Amino acid sequence: MNRPPSTFAAAPHETLRTLLRALGAASGLEPDNSGFLADVLVDNDLRGVFSHGSVQMATYARLFRDGQLNPRPKLEVAREGAGHVLVDGDGSLGCFASWDMTGRVIEKALAGGIAIGLTRNHGHFGAAGIYARRTLPHGLLCFVTSGHQLHLQPGGPLAIAGGGSPIAFTAPGKDEPPMVLDFGTMHDLYPGEPHADTIARLVPGMVFRALGLAAVCQSWGGFLAGVPSHPDRANRVWPGANQGSMVIAFRIDCFADPDDFGREMDEYIRQVRLLRPLVGFERSLLPGHIEEERMVEFGANGIPVGAHHAQRLREVAAEFAIDPGF
């Protein structure tokens with residue numbers, strides 16, 4: 001889970017944005033893409049989603065520099081209809097194609113009630129919640145996932161069949177914070193995770209459910225987007241362009257009055273707060289609530305940057321001869 005580090009230095013979010021914009025420019029990104037990427041990554045930090053925040057720029061900048069990803073993509077709509085769209089990412093980072101596709105899906109869903117978008121031919125798309133949250137102001141419910149190139153070998157552990165398994169769902173309230181479920185279905189179960197074997201032994205049913213969700217991510221967000229199950233069938237100009245993504249959005253008013261739905265969500269959220277918390281936790285909250293609180297706290301007091309986070313950013317800044325600013 002993305003918990004704030006116990007020891008950290010608080011970095012102003014604008015300091016991190018400045019660093020990420022500089023790293024993007026130094027690795028070959030055009031100014032608009034560099035600024036956009038800095039914003040979405042630091043916004044994740046502000047929500048406490050540190051795993052998919054500014055620390056990711058250490059990887060992204062090197063992939064652009066080393067020719068694994070295209071730093072100057074020309075996105076292309078490869079297929080399109082009234083309720084669907086497929087965007088080609090031109091071998092670049094998935095954030096660019098997935099953001100563009102999500103905007104198109106929103107327009108189509110508002111016009112027709114429901115829309116489905118896919119992206120192909122790109123690298124990592126970041127946190128699924130980036131795109132799911134974008135639909136919230138429009139009275140839409142949303143599902144987001146992504147799949148990436150698998151490298152399955154006979155005799156390997158079952159858990160790796162799930163791939164990256166990112167998934168997100170949204171449900172807006174009226175006055176309360178929206179529900180935003182944004183997680184990886186397999187992340188506690190991968191080989192090497194400290195409790196993976198214990199979880200599999202004690203609750204195998206939970207493992208199978210997680211793997212089932214991961215299979216949906218891989219098939220819908222990967223195979224459907226042109227990522228083959230076996231790497232020998234991959235045909236890529238840019239080696240790092242090994243992912244696809246999917247966004248499905250639909251209008252609440254196709255089925256219910258949005259105000260009524262929002263009031264029901266608000267009541268549900270308030271009822272959940274009165275329930276007994278899980279062992280080891282102090283409060284009962286639905287997904288998305290604590291992230292909204294952290295945005296306020298970290299926006300005012302600075303983003304808590306732990307030692308590993310700071311080290312990765314300082315190392316990549318040094319490689320590009322950039323002052324990290326913190």
# chains A, B, ... in the order shown; residues from 1 in each chain; ligands from 1
call {"tool": "closest_atom_pairs", "arguments": {"of": "region 164-200 of chain A", "to": "region 131-154 of chain A", "cutoff": "8 Å", "atoms": "only C-alpha atoms", "output": "tab-separated table"}}
result
residue	atom	partner	partner_atom	distance
A:Gly164	CA	A:Gly147	CA	6.7
A:Ser165	CA	A:Gly147	CA	6.7
A:Pro166	CA	A:Thr145	CA	5.5
A:Ile167	CA	A:Thr145	CA	4.6
A:Ala168	CA	A:Val144	CA	5.1
A:Phe169	CA	A:Phe143	CA	4.7
A:Thr170	CA	A:Cys142	CA	5.4
A:Ala171	CA	A:Leu141	CA	5.7
A:Pro172	CA	A:Leu136	CA	6.2
A:Pro178	CA	A:Leu136	CA	7.8
A:Val180	CA	A:Arg133	CA	7.1
call {"tool": "write_last_selection", "arguments": {"atoms": "N, CA and C atoms", "output": "PDB file, in the first residue's frame"}}
result
ATOM      1  N   GLY A 164       0.908  -6.602 -14.876  1.00  0.00           N
ATOM      2  CA  GLY A 164       0.879  -5.425 -14.000  1.00  0.00           C
ATOM      3  C   GLY A 164      -0.449  -5.228 -13.302  1.00  0.00           C
ATOM      4  N   SER A 165      -1.543  -5.626 -13.933  1.00  0.00           N
ATOM      5  CA  SER A 165      -2.899  -5.677 -13.369  1.00  0.00           C
ATOM      6  C   SER A 165      -3.409  -4.371 -12.765  1.00  0.00           C
ATOM      7  N   PRO A 166      -3.178  -3.205 -13.392  1.00  0.00           N
ATOM      8  CA  PRO A 166      -3.762  -1.972 -12.849  1.00  0.00           C
ATOM      9  C   PRO A 166      -5.253  -1.900 -13.167  1.00  0.00           C
ATOM     10  N   ILE A 167      -6.010  -1.334 -12.233  1.00  0.00           N
ATOM     11  CA  ILE A 167      -7.459  -1.279 -12.408  1.00  0.00           C
ATOM     12  C   ILE A 167      -7.998  -0.094 -11.618  1.00  0.00           C
ATOM     13  N   ALA A 168      -9.017   0.552 -12.149  1.00  0.00           N
ATOM     14  CA  ALA A 168      -9.635   1.674 -11.430  1.00  0.00           C
ATOM     15  C   ALA A 168     -11.120   1.730 -11.760  1.00  0.00           C
ATOM     16  N   PHE A 169     -11.913   2.089 -10.756  1.00  0.00           N
ATOM     17  CA  PHE A 169     -13.337   2.346 -10.905  1.00  0.00           C
ATOM     18  C   PHE A 169     -13.657   3.653 -10.199  1.00  0.00           C
ATOM     19  N   THR A 170     -14.707   4.336 -10.649  1.00  0.00           N
ATOM     20  CA  THR A 170     -15.148   5.555  -9.972  1.00  0.00           C
ATOM     21  C   THR A 170     -16.648   5.529  -9.725  1.00  0.00           C
ATOM     22  N   ALA A 171     -17.058   6.278  -8.700  1.00  0.00           N
ATOM     23  CA  ALA A 171     -18.471   6.530  -8.426  1.00  0.00           C
ATOM     24  C   ALA A 171     -18.556   7.855  -7.692  1.00  0.00           C
ATOM     25  N   PRO A 172     -19.067   8.916  -8.335  1.00  0.00           N
ATOM     26  CA  PRO A 172     -19.095  10.232  -7.693  1.00  0.00           C
ATOM     27  C   PRO A 172     -20.222  10.349  -6.685  1.00  0.00           C
ATOM     28  N   PRO A 178     -15.557  11.666  -3.968  1.00  0.00           N
ATOM     29  CA  PRO A 178     -15.938  10.553  -4.839  1.00  0.00           C
ATOM     30  C   PRO A 178     -15.218   9.273  -4.437  1.00  0.00           C
ATOM     31  N   VAL A 180     -12.965   6.487  -5.559  1.00  0.00           N
ATOM     32  CA  VAL A 180     -11.995   6.212  -6.623  1.00  0.00           C
ATOM     33  C   VAL A 180     -11.188   4.997  -6.188  1.00  0.00           C
TER      34      VAL A 180
END
call {"tool": "residues_around", "arguments": {"residues": "Gly126 (chain A)", "least_positions_apart": "3", "cutoff": "10 Å", "atoms": "only C-alpha atoms", "output": "list in words"}}
result
Leu37, Val40, Leu41, Asn44, Ser51, His52, Gly53, Gln56, Leu93, Gly94, Cys95, Ser98, Gly123, Gly129, Ile130, Tyr131, Ser146 and Pro166 of chain A
call {"tool": "select_by_dssp", "arguments": {"residues": "region 156-214 of chain A", "states": "strand (DSSP E or B)", "output": "NGL selection string"}}
result
:A and (166-171 or 179-184)
call {"tool": "closest_residue", "arguments": {"among": "A:Arg270, A:His122, A:Arg314, A:His308", "to": "Leu285 (chain A)", "atoms": "only C-alpha atoms"}}
result
A:Arg270
call {"tool": "residues_around", "arguments": {"residues": "Arg72 (chain A)", "least_positions_apart": "4", "cutoff": "9 Å", "atoms": "only C-alpha atoms", "output": "number ranges by chain"}}
result
A: 28-30, 33, 90, 92
call {"tool": "residues_around", "arguments": {"residues": "Ala159 (chain A)", "least_positions_apart": "5", "cutoff": "9 Å", "atoms": "only C-alpha atoms", "output": "JSON, numbers by chain"}}
result
{"A": [186, 189, 190, 191, 207, 211]}
call {"tool": "residues_around", "arguments": {"residues": "Ser34 (chain A)", "least_positions_apart": "5", "cutoff": "12 Å", "atoms": "only C-alpha atoms", "output": "list in words"}}
result
Arg17, Thr18, Leu19, Leu20, Arg21, Ala22, Leu23, Gly24, Ala25, Ala26, Ser27, Gly28, Leu29, Asp39, Val40, Leu41, Met57, Tyr60, Ala61, Phe64, Pro71, Arg72, Leu93, Cys95 and Phe96 of chain A
call {"tool": "select_by_dssp", "arguments": {"residues": "region 103-226 of chain A", "states": "helix (DSSP H, G or I)", "output": "ChimeraX atom specification"}}
result
/A:103-112,129-134,136-138,158-162,196-202,204-221,223-225
call {"tool": "write_last_selection", "arguments": {"atoms": "C-alpha atoms", "output": "short mmCIF file (atom, residue, chain, number, x, y, z; two decimals), in the first residue's frame"}}
result
data_model
loop_
_atom_site.label_atom_id
_atom_site.label_comp_id
_atom_site.auth_asym_id
_atom_site.auth_seq_id
_atom_site.Cartn_x
_atom_site.Cartn_y
_atom_site.Cartn_z
CA GLY A 103 -10.84 12.87 -23.48
CA ARG A 104 -12.31 11.34 -26.62
CA VAL A 105 -14.17 8.71 -24.59
CA ILE A 106 -15.69 11.40 -22.38
CA GLU A 107 -16.98 13.29 -25.42
CA LYS A 108 -18.46 10.15 -26.95
CA ALA A 109 -20.04 8.98 -23.68
CA LEU A 110 -21.66 12.37 -23.10
CA ALA A 111 -23.07 12.25 -26.63
CA GLY A 112 -24.16 8.62 -26.77
CA GLY A 129 -6.76 6.51 -11.44
CA ILE A 130 -5.32 9.35 -13.54
CA TYR A 131 -7.87 8.60 -16.25
CA ALA A 132 -10.70 7.38 -14.04
CA ARG A 133 -10.72 10.64 -12.05
CA ARG A 134 -10.95 12.66 -15.24
CA LEU A 136 -15.86 12.42 -12.46
CA PRO A 137 -16.89 16.03 -13.27
CA HIS A 138 -18.95 14.81 -16.23
CA LEU A 158 1.44 -18.55 -11.36
CA ALA A 159 1.35 -15.04 -9.93
CA ILE A 160 3.27 -13.54 -12.86
CA ALA A 161 0.40 -14.46 -15.21
CA GLY A 162 -1.39 -11.40 -13.86
CA ALA A 196 2.94 -13.76 -0.87
CA ASP A 197 3.41 -17.41 0.12
CA THR A 198 1.57 -16.96 3.42
CA ILE A 199 -1.41 -15.33 1.70
CA ALA A 200 -1.56 -18.12 -0.90
CA ARG A 201 -1.47 -20.77 1.81
CA LEU A 202 -4.06 -19.19 4.11
CA PRO A 204 -6.06 -19.26 -1.80
CA GLY A 205 -9.54 -18.11 -2.83
CA MET A 206 -8.44 -14.48 -2.53
CA VAL A 207 -5.41 -15.23 -4.70
CA PHE A 208 -7.58 -16.81 -7.39
CA ARG A 209 -9.95 -13.84 -7.36
CA ALA A 210 -7.02 -11.44 -7.67
CA LEU A 211 -5.60 -13.48 -10.54
CA GLY A 212 -9.02 -13.51 -12.23
CA LEU A 213 -9.18 -9.72 -12.09
CA ALA A 214 -5.61 -9.55 -13.38
CA ALA A 215 -6.57 -11.78 -16.31
CA VAL A 216 -9.29 -9.26 -17.23
CA CYS A 217 -6.69 -6.48 -17.12
CA GLN A 218 -4.31 -8.40 -19.35
CA SER A 219 -6.92 -9.55 -21.88
CA TRP A 220 -9.01 -6.39 -22.14
CA GLY A 221 -6.20 -3.86 -21.73
CA PHE A 223 -4.46 -8.46 -25.96
CA LEU A 224 -7.35 -6.35 -27.25
CA ALA A 225 -4.90 -3.45 -27.62
#
